[in-house]
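A.B. asks: Input entry.cif, format and content: mmCIF, C-alpha atoms.
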data_input
#
loop_
_atom_site.label_atom_id
_atom_site.label_comp_id
_atom_site.auth_asym_id
_atom_site.auth_seq_id
_atom_site.Cartn_x
_atom_site.Cartn_y
_atom_site.Cartn_z
CA MET A 12 25.44 0.81 -82.96
CA VAL A 13 24.14 4.31 -82.47
CA GLU A 14 21.99 5.37 -85.39
CA GLY A 15 21.73 9.05 -84.50
CA VAL A 16 19.11 11.33 -83.04
CA GLY A 17 17.04 13.48 -85.30
CA GLY A 18 16.99 17.09 -84.26
CA THR A 19 19.88 16.75 -81.82
CA ALA A 20 22.68 18.67 -83.48
CA GLY A 21 22.68 16.19 -86.32
CA GLY A 22 22.60 13.15 -84.03
CA MET A 23 25.38 10.96 -82.76
CA ALA A 24 26.38 9.73 -86.22
CA ALA A 25 26.91 13.29 -87.38
CA LEU A 26 29.26 13.80 -84.45
CA GLY A 27 31.38 10.84 -85.54
CA LEU A 28 30.28 8.55 -82.70
CA ASP A 29 28.39 5.95 -84.69
CA THR A 30 31.41 3.63 -84.84
CA ILE A 31 32.16 3.35 -81.12
CA GLY A 32 29.59 0.64 -80.46
CA LEU A 33 27.47 2.51 -77.93
CA GLU A 34 23.79 1.62 -77.77
CA PHE A 35 21.10 3.71 -76.13
CA ALA A 36 17.91 2.13 -74.84
CA ASP A 37 16.67 5.56 -73.75
CA ALA A 38 16.28 8.16 -76.52
CA ARG A 39 16.23 10.99 -73.97
CA VAL A 40 19.64 9.99 -72.66
CA GLU A 41 20.96 9.77 -76.20
CA ALA A 42 19.61 13.21 -77.03
CA SER A 43 21.13 14.68 -73.87
CA VAL A 44 24.55 13.15 -74.60
CA ALA A 45 24.46 14.32 -78.22
CA SER A 46 23.57 17.84 -77.08
CA VAL A 47 26.56 17.95 -74.72
CA LEU A 48 28.89 16.70 -77.43
CA ALA A 49 27.65 19.26 -79.95
CA ARG A 50 28.38 22.02 -77.45
CA VAL A 51 31.82 20.52 -76.78
CA GLU A 52 32.63 20.79 -80.50
CA THR A 53 31.80 24.47 -80.49
CA GLU A 54 33.76 25.13 -77.30
CA LEU A 55 36.77 23.21 -78.58
CA ARG A 56 37.06 25.45 -81.60
CA ASP A 57 36.61 28.59 -79.51
CA ASN A 58 39.25 27.52 -77.01
CA VAL A 59 42.01 26.59 -79.45
CA ALA A 60 41.76 29.93 -81.23
CA SER A 61 44.83 32.16 -81.18
CA ALA A 62 45.57 35.68 -82.36
CA ASP A 63 48.63 34.29 -84.13
CA PRO A 64 47.42 32.90 -87.49
CA MET A 65 49.93 30.04 -87.60
CA VAL A 66 49.26 28.95 -84.02
CA ASP A 67 45.55 29.19 -84.72
CA GLU A 68 45.82 26.99 -87.82
CA ALA A 69 48.12 24.43 -86.18
CA ALA A 70 46.03 24.24 -83.00
CA ARG A 71 42.81 23.74 -84.98
CA HIS A 72 44.44 21.06 -87.13
CA LEU A 73 43.45 18.02 -85.09
CA VAL A 74 40.19 19.54 -83.85
CA ASP A 75 39.08 19.99 -87.45
CA ALA A 76 40.28 16.47 -88.34
CA GLY A 77 37.56 15.10 -86.10
CA GLY A 78 37.83 11.88 -84.10
CA LYS A 79 35.50 9.78 -82.02
CA ARG A 80 35.44 12.18 -79.05
CA PHE A 81 35.29 9.09 -76.85
CA ARG A 82 36.52 10.93 -73.77
CA PRO A 83 33.95 13.76 -73.93
CA LEU A 84 31.37 11.03 -74.52
CA LEU A 85 32.25 9.48 -71.17
CA VAL A 86 32.07 12.90 -69.50
CA ALA A 87 28.57 13.31 -70.93
CA LEU A 88 27.52 9.82 -69.84
CA GLY A 89 29.01 10.22 -66.37
CA ALA A 90 27.02 13.42 -65.92
CA GLN A 91 23.82 11.45 -66.53
CA PHE A 92 24.10 10.11 -62.98
CA GLY A 93 23.58 13.64 -61.73
CA ASP A 94 22.48 16.67 -63.74
CA PRO A 95 23.79 16.46 -67.33
CA ALA A 96 22.73 20.06 -67.91
CA ALA A 97 24.95 21.37 -65.08
CA PRO A 98 26.99 24.33 -66.39
CA GLN A 99 30.41 22.81 -65.71
CA VAL A 100 29.86 19.57 -67.64
CA VAL A 101 30.75 20.96 -71.08
CA PRO A 102 33.88 22.84 -69.89
CA ALA A 103 35.01 19.67 -68.09
CA ALA A 104 34.67 17.70 -71.32
CA VAL A 105 36.63 20.39 -73.18
CA VAL A 106 39.46 20.15 -70.62
CA ILE A 107 39.62 16.40 -71.20
CA GLU A 108 39.61 16.59 -74.99
CA LEU A 109 42.18 19.39 -75.14
CA THR A 110 44.45 17.32 -72.91
CA HIS A 111 43.97 14.33 -75.19
CA LEU A 112 44.64 16.35 -78.33
CA ALA A 113 47.80 17.79 -76.80
CA THR A 114 49.14 14.28 -76.20
CA LEU A 115 48.48 13.41 -79.85
CA TYR A 116 50.70 16.25 -81.06
CA HIS A 117 53.48 15.01 -78.81
CA ASP A 118 52.93 11.33 -79.68
CA ASP A 119 53.19 12.04 -83.40
CA VAL A 120 56.55 13.69 -82.89
CA MET A 121 57.86 10.75 -80.85
CA ASP A 122 56.46 8.20 -83.31
CA GLU A 123 57.48 10.25 -86.37
CA ALA A 124 53.93 9.68 -87.61
CA PRO A 125 53.21 11.14 -91.06
CA VAL A 126 49.41 10.95 -90.77
CA ARG A 127 46.87 11.48 -88.00
CA ARG A 128 43.11 11.01 -88.48
CA GLY A 129 43.49 10.81 -92.24
CA ALA A 130 45.34 14.13 -92.53
CA PRO A 131 49.04 15.00 -92.56
CA SER A 132 50.26 15.10 -88.95
CA ALA A 133 51.21 18.46 -87.45
CA ASN A 134 54.86 17.43 -87.23
CA SER A 135 55.02 16.48 -90.90
CA ARG A 136 53.34 19.76 -91.87
CA TRP A 137 55.00 22.29 -89.55
CA GLY A 138 57.94 20.38 -88.12
CA ASN A 139 58.62 18.75 -84.76
CA SER A 140 59.32 21.94 -82.80
CA VAL A 141 56.04 23.59 -83.78
CA ALA A 142 54.07 20.37 -83.13
CA ILE A 143 55.54 20.08 -79.62
CA LEU A 144 54.84 23.73 -78.86
CA VAL A 145 51.27 23.50 -80.13
CA GLY A 146 50.76 20.49 -77.87
CA ASP A 147 52.06 22.61 -74.98
CA TYR A 148 49.66 25.39 -75.99
CA LEU A 149 46.72 22.99 -75.83
CA PHE A 150 47.81 21.75 -72.39
CA ALA A 151 47.92 25.39 -71.27
CA ARG A 152 44.43 26.04 -72.64
CA ALA A 153 43.12 22.95 -70.82
CA ALA A 154 44.71 24.13 -67.55
CA ASP A 155 43.18 27.58 -67.98
CA ILE A 156 39.68 26.14 -68.32
CA ALA A 157 40.29 23.70 -65.46
CA ALA A 158 41.14 26.65 -63.20
CA ASP A 159 37.59 27.94 -63.68
CA LEU A 160 36.28 24.54 -62.56
CA GLY A 161 38.06 24.70 -59.21
CA THR A 162 41.10 23.44 -57.36
CA GLU A 163 40.08 19.79 -57.48
CA ALA A 164 39.73 19.88 -61.27
CA VAL A 165 43.21 21.38 -61.60
CA ARG A 166 44.65 18.76 -59.26
CA LEU A 167 43.00 15.88 -61.10
CA GLN A 168 44.08 17.15 -64.50
CA ALA A 169 47.66 17.57 -63.28
CA ARG A 170 47.76 14.11 -61.74
CA THR A 171 46.30 12.60 -64.88
CA PHE A 172 48.92 14.42 -66.96
CA ALA A 173 51.61 12.99 -64.68
CA ARG A 174 50.31 9.48 -65.32
CA LEU A 175 50.28 10.12 -69.07
CA VAL A 176 53.91 11.19 -68.91
CA HIS A 177 54.89 8.19 -66.78
CA GLY A 178 53.23 5.92 -69.31
CA GLN A 179 55.07 7.52 -72.20
CA ILE A 180 58.39 7.27 -70.39
CA ALA A 181 57.76 3.61 -69.58
CA GLU A 182 56.91 2.90 -73.21
CA THR A 183 60.02 4.76 -74.38
CA VAL A 184 62.53 3.02 -72.11
CA GLY A 185 60.92 -0.42 -72.42
CA PRO A 186 60.32 -3.12 -69.80
CA ARG A 187 63.97 -3.35 -68.68
CA ASP A 188 63.82 -6.16 -66.07
CA ALA A 189 60.02 -6.20 -65.77
CA ASP A 190 57.73 -8.81 -67.27
CA PRO A 191 57.01 -7.56 -70.81
CA VAL A 192 53.27 -8.27 -70.61
CA ALA A 193 52.86 -6.60 -67.20
CA HIS A 194 54.89 -3.65 -68.47
CA TYR A 195 52.74 -3.33 -71.58
CA LEU A 196 49.48 -3.45 -69.61
CA ASN A 197 50.84 -0.81 -67.24
CA VAL A 198 51.77 1.45 -70.17
CA ILE A 199 48.23 1.20 -71.54
CA ALA A 200 46.71 1.91 -68.13
CA GLU A 201 48.89 5.01 -67.75
CA LYS A 202 48.75 6.33 -71.33
CA THR A 203 45.14 5.44 -72.18
CA GLY A 204 43.20 4.32 -69.13
CA SER A 205 44.16 7.27 -66.93
CA LEU A 206 42.58 10.00 -69.06
CA ILE A 207 39.48 7.92 -69.78
CA ALA A 208 39.11 7.33 -66.03
CA THR A 209 39.31 11.09 -65.43
CA SER A 210 36.77 11.64 -68.21
CA ALA A 211 34.17 9.49 -66.48
CA ARG A 212 35.11 10.96 -63.09
CA PHE A 213 34.72 14.53 -64.37
CA GLY A 214 31.28 13.67 -65.73
CA GLY A 215 30.11 12.41 -62.37
CA MET A 216 31.80 15.22 -60.42
CA PHE A 217 30.50 18.11 -62.45
CA GLY A 218 27.11 16.54 -62.94
CA GLY A 219 26.81 16.37 -59.14
CA ALA A 220 26.65 12.56 -58.82
CA GLN A 221 27.05 10.79 -55.48
CA ALA A 222 30.62 10.10 -54.35
CA MET A 223 30.23 6.32 -54.63
CA HIS A 224 28.91 6.72 -58.17
CA ILE A 225 31.85 8.95 -59.12
CA GLU A 226 34.32 6.32 -57.93
CA ALA A 227 32.45 3.61 -59.83
CA LEU A 228 32.60 5.70 -63.00
CA ALA A 229 36.33 6.30 -62.61
CA GLY A 230 37.01 2.59 -62.15
CA TYR A 231 34.92 1.79 -65.18
CA GLY A 232 36.66 4.43 -67.26
CA GLU A 233 40.16 3.15 -66.58
CA THR A 234 39.24 -0.46 -67.25
CA ILE A 235 37.19 0.14 -70.38
CA GLY A 236 40.01 2.33 -71.69
CA VAL A 237 42.50 -0.52 -71.37
CA ALA A 238 40.00 -2.93 -72.93
CA PHE A 239 39.48 -0.66 -75.95
CA GLN A 240 43.20 -0.28 -76.57
CA LEU A 241 43.79 -4.01 -76.29
CA SER A 242 40.91 -4.72 -78.65
CA ASP A 243 42.53 -2.39 -81.18
CA ASP A 244 45.66 -4.54 -80.89
CA LEU A 245 43.63 -7.59 -81.84
CA LEU A 246 41.86 -5.86 -84.71
CA ASP A 247 45.21 -4.94 -86.22
CA ILE A 248 45.82 -8.67 -86.57
CA SER A 249 42.41 -10.23 -87.09
CA SER A 250 40.58 -7.70 -89.27
CA GLU A 251 40.51 -8.24 -93.02
CA SER A 252 39.65 -4.61 -93.66
CA VAL A 253 40.49 -1.22 -92.19
CA GLN A 254 38.13 -1.85 -89.27
CA SER A 255 40.94 -0.98 -86.89
CA GLY A 256 41.58 2.34 -88.64
CA LYS A 257 44.78 1.15 -90.27
CA THR A 258 45.98 -1.55 -92.65
CA PRO A 259 45.93 -4.97 -90.91
CA GLY A 260 49.35 -5.96 -89.66
CA THR A 261 50.63 -2.39 -89.36
CA ASP A 262 51.92 -3.01 -85.83
CA LEU A 263 53.83 -6.07 -87.05
CA ARG A 264 55.38 -4.11 -89.87
CA GLU A 265 56.45 -1.36 -87.48
CA GLY A 266 57.69 -3.75 -84.80
CA VAL A 267 55.17 -2.60 -82.20
CA PRO A 268 55.04 -5.31 -79.47
CA THR A 269 51.29 -5.54 -78.88
CA LEU A 270 49.67 -8.04 -76.50
CA PRO A 271 49.24 -10.97 -78.96
CA VAL A 272 52.87 -10.58 -80.06
CA LEU A 273 54.09 -10.50 -76.47
CA TYR A 274 52.08 -13.61 -75.64
CA ALA A 275 53.49 -15.38 -78.72
CA LEU A 276 57.08 -14.41 -77.88
CA GLY A 277 56.69 -15.50 -74.26
CA ALA A 278 55.06 -18.84 -75.04
CA ASP A 279 56.93 -22.14 -74.94
CA ASP A 280 54.68 -24.05 -77.35
CA GLY A 281 56.80 -26.55 -79.24
CA ASP A 282 54.66 -27.03 -82.34
CA ALA A 283 56.20 -26.00 -85.65
CA ALA A 284 53.82 -23.07 -86.20
CA SER A 285 54.55 -21.51 -82.79
CA VAL A 286 58.29 -21.98 -83.16
CA ARG A 287 58.24 -20.39 -86.61
CA LEU A 288 56.11 -17.50 -85.38
CA ARG A 289 58.54 -16.76 -82.53
CA GLU A 290 61.41 -16.92 -84.99
CA ILE A 291 59.85 -14.28 -87.25
CA LEU A 292 58.63 -12.03 -84.44
CA SER A 293 62.05 -12.00 -82.80
CA LEU A 294 63.37 -10.17 -85.87
CA GLY A 295 61.60 -6.94 -84.82
CA PRO A 296 59.90 -4.84 -87.53
CA ILE A 297 58.74 -7.17 -90.32
CA THR A 298 59.14 -5.15 -93.49
CA ASP A 299 59.53 -8.02 -95.95
CA ASP A 300 56.11 -8.59 -97.54
CA ALA A 301 56.38 -12.38 -97.66
CA LEU A 302 57.54 -12.66 -94.04
CA HIS A 303 54.86 -10.18 -92.98
CA ALA A 304 52.11 -12.22 -94.64
CA GLU A 305 53.45 -15.41 -93.07
CA ALA A 306 53.64 -13.90 -89.57
CA LEU A 307 50.16 -12.41 -89.85
CA GLY A 308 48.73 -15.76 -90.92
CA LEU A 309 50.49 -17.65 -88.14
CA LEU A 310 49.46 -15.10 -85.52
CA ARG A 311 45.82 -15.26 -86.58
CA GLU A 312 45.80 -19.02 -85.92
CA SER A 313 47.96 -18.92 -82.80
CA PRO A 314 47.12 -19.72 -79.17
CA ALA A 315 48.56 -16.26 -78.41
CA LEU A 316 45.71 -14.53 -80.22
CA LYS A 317 43.16 -16.67 -78.39
CA ARG A 318 44.80 -15.80 -75.08
CA ALA A 319 44.78 -12.10 -75.96
CA ARG A 320 41.07 -12.31 -76.77
CA GLU A 321 40.44 -13.82 -73.35
CA THR A 322 42.40 -10.99 -71.73
CA VAL A 323 40.32 -8.38 -73.54
CA ARG A 324 37.10 -10.07 -72.47
CA SER A 325 38.29 -10.18 -68.87
CA TYR A 326 38.89 -6.42 -68.92
CA ALA A 327 35.46 -5.85 -70.49
CA GLU A 328 33.82 -7.91 -67.76
CA GLU A 329 35.82 -6.14 -65.07
CA ALA A 330 34.61 -2.82 -66.47
CA ARG A 331 31.03 -4.09 -66.32
CA SER A 332 31.48 -5.11 -62.68
CA CYS A 333 32.68 -1.59 -61.85
CA LEU A 334 29.21 -0.34 -62.78
CA ALA A 335 27.46 -2.41 -60.08
CA PRO A 336 27.04 0.52 -57.63
CA LEU A 337 25.29 2.63 -60.29
CA PRO A 338 21.49 2.63 -60.69
CA ASP A 339 20.31 0.27 -63.43
CA THR A 340 19.00 2.97 -65.74
CA GLY A 341 19.55 4.10 -69.33
CA PRO A 342 23.00 5.66 -68.74
CA ARG A 343 24.33 2.52 -67.06
CA GLN A 344 22.91 0.35 -69.83
CA ALA A 345 24.69 2.52 -72.40
CA LEU A 346 27.98 2.06 -70.56
CA GLU A 347 27.39 -1.69 -70.38
CA SER A 348 26.82 -1.79 -74.13
CA LEU A 349 30.44 -0.71 -74.60
CA CYS A 350 31.52 -3.82 -72.71
CA ASP A 351 29.43 -5.99 -75.04
CA PHE A 352 30.82 -4.21 -78.09
CA ILE A 353 34.43 -4.81 -77.05
CA ALA A 354 33.79 -8.49 -76.38
CA ASP A 355 32.04 -8.89 -79.76
CA ARG A 356 34.55 -6.92 -81.86
CA THR A 357 37.44 -9.12 -80.78
CA GLY A 358 35.73 -12.29 -81.96
#
For the file at hand, write its structure as structure tokens.

C.D. replies:
Amino acid sequence: MVEGVGGTAGGMAALGLDTIGLEFADARVEASVASVLARVETELRDNVASADPMVDEAARHLVDAGGKRFRPLLVALGAQFGDPAAPQVVPAAVVIELTHLATLYHDDVMDEAPVRRGAPSANSRWGNSVAILVGDYLFARAADIAADLGTEAVRLQARTFARLVHGQIAETVGPRDADPVAHYLNVIAEKTGSLIATSARFGGMFGGAQAMHIEALAGYGETIGVAFQLSDDLLDISSESVQSGKTPGTDLREGVPTLPVLYALGADDGDAASVRLREILSLGPITDDALHAEALGLLRESPALKRARETVRSYAEEARSCLAPLPDTGPRQALESLCDFIADRTG
């Protein structure tokens, strides 16, 4: 885990990044990344500001709530393969994070989420219409900054946004005739992996990295993004605490069909435990406390959870293999440490 860098804008821990699992073997790289992220925080606040007091307050809502800033982190790390002090690196990271924050406003409306990052969600505080419009405002601010970065930045941000929308639509309409597991993995790649891929790509691009290194970073970003989301699925089941950021079993209670659940539902194991688990899961949202506890216990001991763990590890290893074209230096080692963290956190 990152312990922080003294004298670097309060260090990584002060920026909320000490829980991601990133390890730095090179203190200079860590200091450089922390410096970029500190500047991103300042620029984020400047760029969500509005002359309208209510828009200003609503737009700052999620910025002020914090977050891991995982996507700007990958921009900062990607830039390490060129010049991390290049003037466009910080604006590129701001474009990425504003785009991400905009999707959160929209997601909370669609999910009817009452809380986001430990604070009342924008939709529960100001209503759905305002939350949607504030999300649109943040997308507009991101596009405005991207325009200063050049045509290619605008094109990439637009194409990434299109993938985000496709992923949300696919999640909303469901698998239809598609394989549920393949559909779910595609949704994660579109909704989560796409923006993380663009984060790493932007870092390489605006840091001036070689073309082959930029492509390697983008491939890594997409794959590590999927791996992180899948590992969160597992933590929701396996953690005994709030390690996953929510009460264990929340997805079961809400009827969210995560990877272990999909594996369990699609299995044909004939043992009593597997049959009983499928019976409970087929009910949809499990709101009864006794049934919920039973399902959680069965899922924790199921072959489905083991299979899901293997899937997460395979994505983590694929992400590591994407880094092969990059020089074996401190920045690459930091990116590799994320692969190790994901494999370890899923058991």

A.B. asks: Specify as a PyMOL selection string each residue included when the PyMOL selection byres ((chain A and resi 349) around 12) is applied to this file.

C.D. replies: chain A and resi 12-13+30-35+81+84-85+88+231-232+234-236+238-239+242+324+326-328+330-331+334+342-348+350-356

A.B. asks: Restricting the output to C-alpha atoms, write the selected residues as a PDB file, keeping the file's coordinate frame.

C.D. replies:
ATOM      1  CA  MET A  12      25.440   0.810 -82.960  1.00  0.00           C
ATOM      2  CA  VAL A  13      24.140   4.310 -82.470  1.00  0.00           C
ATOM      3  CA  THR A  30      31.410   3.630 -84.840  1.00  0.00           C
ATOM      4  CA  ILE A  31      32.160   3.350 -81.120  1.00  0.00           C
ATOM      5  CA  GLY A  32      29.590   0.640 -80.460  1.00  0.00           C
ATOM      6  CA  LEU A  33      27.470   2.510 -77.930  1.00  0.00           C
ATOM      7  CA  GLU A  34      23.790   1.620 -77.770  1.00  0.00           C
ATOM      8  CA  PHE A  35      21.100   3.710 -76.130  1.00  0.00           C
ATOM      9  CA  PHE A  81      35.290   9.090 -76.850  1.00  0.00           C
ATOM     10  CA  LEU A  84      31.370  11.030 -74.520  1.00  0.00           C
ATOM     11  CA  LEU A  85      32.250   9.480 -71.170  1.00  0.00           C
ATOM     12  CA  LEU A  88      27.520   9.820 -69.840  1.00  0.00           C
ATOM     13  CA  TYR A 231      34.920   1.790 -65.180  1.00  0.00           C
ATOM     14  CA  GLY A 232      36.660   4.430 -67.260  1.00  0.00           C
ATOM     15  CA  THR A 234      39.240  -0.460 -67.250  1.00  0.00           C
ATOM     16  CA  ILE A 235      37.190   0.140 -70.380  1.00  0.00           C
ATOM     17  CA  GLY A 236      40.010   2.330 -71.690  1.00  0.00           C
ATOM     18  CA  ALA A 238      40.000  -2.930 -72.930  1.00  0.00           C
ATOM     19  CA  PHE A 239      39.480  -0.660 -75.950  1.00  0.00           C
ATOM     20  CA  SER A 242      40.910  -4.720 -78.650  1.00  0.00           C
ATOM     21  CA  ARG A 324      37.100 -10.070 -72.470  1.00  0.00           C
ATOM     22  CA  TYR A 326      38.890  -6.420 -68.920  1.00  0.00           C
ATOM     23  CA  ALA A 327      35.460  -5.850 -70.490  1.00  0.00           C
ATOM     24  CA  GLU A 328      33.820  -7.910 -67.760  1.00  0.00           C
ATOM     25  CA  ALA A 330      34.610  -2.820 -66.470  1.00  0.00           C
ATOM     26  CA  ARG A 331      31.030  -4.090 -66.320  1.00  0.00           C
ATOM     27  CA  LEU A 334      29.210  -0.340 -62.780  1.00  0.00           C
ATOM     28  CA  PRO A 342      23.000   5.660 -68.740  1.00  0.00           C
ATOM     29  CA  ARG A 343      24.330   2.520 -67.060  1.00  0.00           C
ATOM     30  CA  GLN A 344      22.910   0.350 -69.830  1.00  0.00           C
ATOM     31  CA  ALA A 345      24.690   2.520 -72.400  1.00  0.00           C
ATOM     32  CA  LEU A 346      27.980   2.060 -70.560  1.00  0.00           C
ATOM     33  CA  GLU A 347      27.390  -1.690 -70.380  1.00  0.00           C
ATOM     34  CA  SER A 348      26.820  -1.790 -74.130  1.00  0.00           C
ATOM     35  CA  CYS A 350      31.520  -3.820 -72.710  1.00  0.00           C
ATOM     36  CA  ASP A 351      29.430  -5.990 -75.040  1.00  0.00           C
ATOM     37  CA  PHE A 352      30.820  -4.210 -78.090  1.00  0.00           C
ATOM     38  CA  ILE A 353      34.430  -4.810 -77.050  1.00  0.00           C
ATOM     39  CA  ALA A 354      33.790  -8.490 -76.380  1.00  0.00           C
ATOM     40  CA  ASP A 355      32.040  -8.890 -79.760  1.00  0.00           C
ATOM     41  CA  ARG A 356      34.550  -6.920 -81.860  1.00  0.00           C
TER      42      ARG A 356
END

A.B. asks: What do you get, as an NGL selection string, if you spell out every residue that the PyMOL selection byres ((chain A and resi 141) around 12) selects here?

C.D. replies: :A and (65-70 or 116-117 or 119-120 or 132-140 or 142-148)

A.B. asks: A:Met121, A:Val40, A:Ala306, A:Ala193: which is nearest Gln179 (chain A), counting only C-alpha atoms?

C.D. replies: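 With only C-alpha atoms as the atom set, the closest residue is A:Met121.
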
A.B. asks: So how many Å separate CA of Cys333 (chain A) and CA of Arg212 (chain A), to one decimal?

C.D. replies: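 These two atoms are separated by 12.8 Å.
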
A.B. asks: Which residue out of A:Leu302, A:Val267, A:Gly277, A:Leu310 has the minimum interatomic distance to Pro191 (chain A) when only C-alpha atoms are used?

C.D. replies: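 Among A:Leu302, A:Val267, A:Gly277, A:Leu310, it is A:Gly277 that comes nearest to Pro191 (chain A).
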
A.B. asks: Can you list, as a ChimeraX atom specification, the residues that the PyMOL selection byres ((chain A and resi 287) around 12) selects here?

C.D. replies: /A:275-276,279-286,288-294,302,305-310,313

A.B. asks: Do a neighbour search on Val198 (chain A) at 10 Å with all atoms listed in the file, toss out local chain neighbours closer than 5 positions, and write the hits as a PyMOL selection string.

C.D. replies: chain A and resi 174-175+177-183+185-186+192-193+203-204+237

A.B. asks: Can you tell me which residues surround His111 (chain A) at a distance of at most 10 Å, considering only C-alpha atoms, apart from same-chain residues fewer than 6 positions away, and format the answer as an MDAnalysis selection string?

C.D. replies: chainID A and resid 80 82 105 146 149:150 153 172 175 203 206:207

A.B. asks: With distances taken over all atoms listed in the file, which residue among A:Val184, A:Ala319, A:Ala211, A:Val44 lies nearest Leu246 (chain A)?

C.D. replies: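 Result for the nearest residue to Leu246 (chain A): A:Ala319.
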
A.B. asks: Taking all atoms listed in the file into account, which of A:Ala104, A:Val176, A:Ala45, A:Ala278 comes nearest Gly218 (chain A)?

C.D. replies: A:Ala104

A.B. asks: What's the 10 Å shell around region 258-261 of chain A, counting all atoms listed in the file, without same-chain residues fewer than 6 positions away, as a list in words?

C.D. replies: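 Contacts, in chain order: Asp244, Leu245, Leu246, Asp247, Ile248, Ser249, Ser250, Glu251, Ser252, Val267, Pro296, Ile297, Thr298, His303, Ala304, Ala306, Leu307 and Gly308 of chain A.
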
A.B. asks: The centre and edge lengths of an axis-aligned box containing all atoms of region 186-198 of chain A present in the file, extended by 4 Å on each side, are to be given in Å to one decimal, as lines of an AutoDock Vina configuration file.

C.D. replies:
center_x = 56.7
center_y = -3.7
center_z = -68.7
size_x = 22.5
size_y = 18.3
size_z = 13.8

A.B. asks: What does the distance between CA of Thr209 (chain A) and CA of Thr171 (chain A) come to in Å, to one decimal place?

C.D. replies: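 A separation of 7.2 Å between them.
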
A.B. asks: What is the CA of Val86 (chain A) to CA of Arg39 (chain A) distance in Å?

C.D. replies: 16.6 Å

A.B. asks: Skip region 48-55 of chain A itself and residues of its chain fewer than 4 positions away, then list as a JSON list (two decimals) with C-alpha atoms, in the frame of the given file all residues within 12 Å of it, counting all atoms listed in the file.

C.D. replies:
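The new file selection18.json reads:
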[["chain", "number", "residue", "atom", "x", "y", "z"],
["A", 18, "GLY", "CA", 16.99, 17.09, -84.26],
["A", 19, "THR", "CA", 19.88, 16.75, -81.82],
["A", 20, "ALA", "CA", 22.68, 18.67, -83.48],
["A", 21, "GLY", "CA", 22.68, 16.19, -86.32],
["A", 22, "GLY", "CA", 22.60, 13.15, -84.03],
["A", 23, "MET", "CA", 25.38, 10.96, -82.76],
["A", 24, "ALA", "CA", 26.38, 9.73, -86.22],
["A", 25, "ALA", "CA", 26.91, 13.29, -87.38],
["A", 26, "LEU", "CA", 29.26, 13.80, -84.45],
["A", 27, "GLY", "CA", 31.38, 10.84, -85.54],
["A", 28, "LEU", "CA", 30.28, 8.55, -82.70],
["A", 41, "GLU", "CA", 20.96, 9.77, -76.20],
["A", 42, "ALA", "CA", 19.61, 13.21, -77.03],
["A", 43, "SER", "CA", 21.13, 14.68, -73.87],
["A", 44, "VAL", "CA", 24.55, 13.15, -74.60],
["A", 59, "VAL", "CA", 42.01, 26.59, -79.45],
["A", 60, "ALA", "CA", 41.76, 29.93, -81.23],
["A", 70, "ALA", "CA", 46.03, 24.24, -83.00],
["A", 71, "ARG", "CA", 42.81, 23.74, -84.98],
["A", 72, "HIS", "CA", 44.44, 21.06, -87.13],
["A", 73, "LEU", "CA", 43.45, 18.02, -85.09],
["A", 74, "VAL", "CA", 40.19, 19.54, -83.85],
["A", 75, "ASP", "CA", 39.08, 19.99, -87.45],
["A", 76, "ALA", "CA", 40.28, 16.47, -88.34],
["A", 77, "GLY", "CA", 37.56, 15.10, -86.10],
["A", 78, "GLY", "CA", 37.83, 11.88, -84.10],
["A", 79, "LYS", "CA", 35.50, 9.78, -82.02],
["A", 80, "ARG", "CA", 35.44, 12.18, -79.05],
["A", 81, "PHE", "CA", 35.29, 9.09, -76.85],
["A", 82, "ARG", "CA", 36.52, 10.93, -73.77],
["A", 83, "PRO", "CA", 33.95, 13.76, -73.93],
["A", 84, "LEU", "CA", 31.37, 11.03, -74.52],
["A", 85, "LEU", "CA", 32.25, 9.48, -71.17],
["A", 86, "VAL", "CA", 32.07, 12.90, -69.50],
["A", 87, "ALA", "CA", 28.57, 13.31, -70.93],
["A", 88, "LEU", "CA", 27.52, 9.82, -69.84],
["A", 95, "PRO", "CA", 23.79, 16.46, -67.33],
["A", 96, "ALA", "CA", 22.73, 20.06, -67.91],
["A", 98, "PRO", "CA", 26.99, 24.33, -66.39],
["A", 99, "GLN", "CA", 30.41, 22.81, -65.71],
["A", 100, "VAL", "CA", 29.86, 19.57, -67.64],
["A", 101, "VAL", "CA", 30.75, 20.96, -71.08],
["A", 102, "PRO", "CA", 33.88, 22.84, -69.89],
["A", 103, "ALA", "CA", 35.01, 19.67, -68.09],
["A", 104, "ALA", "CA", 34.67, 17.70, -71.32],
["A", 105, "VAL", "CA", 36.63, 20.39, -73.18],
["A", 106, "VAL", "CA", 39.46, 20.15, -70.62],
["A", 107, "ILE", "CA", 39.62, 16.40, -71.20],
["A", 108, "GLU", "CA", 39.61, 16.59, -74.99],
["A", 109, "LEU", "CA", 42.18, 19.39, -75.14],
["A", 110, "THR", "CA", 44.45, 17.32, -72.91],
["A", 111, "HIS", "CA", 43.97, 14.33, -75.19],
["A", 112, "LEU", "CA", 44.64, 16.35, -78.33],
["A", 149, "LEU", "CA", 46.72, 22.99, -75.83],
["A", 152, "ARG", "CA", 44.43, 26.04, -72.64],
["A", 153, "ALA", "CA", 43.12, 22.95, -70.82],
["A", 156, "ILE", "CA", 39.68, 26.14, -68.32]]
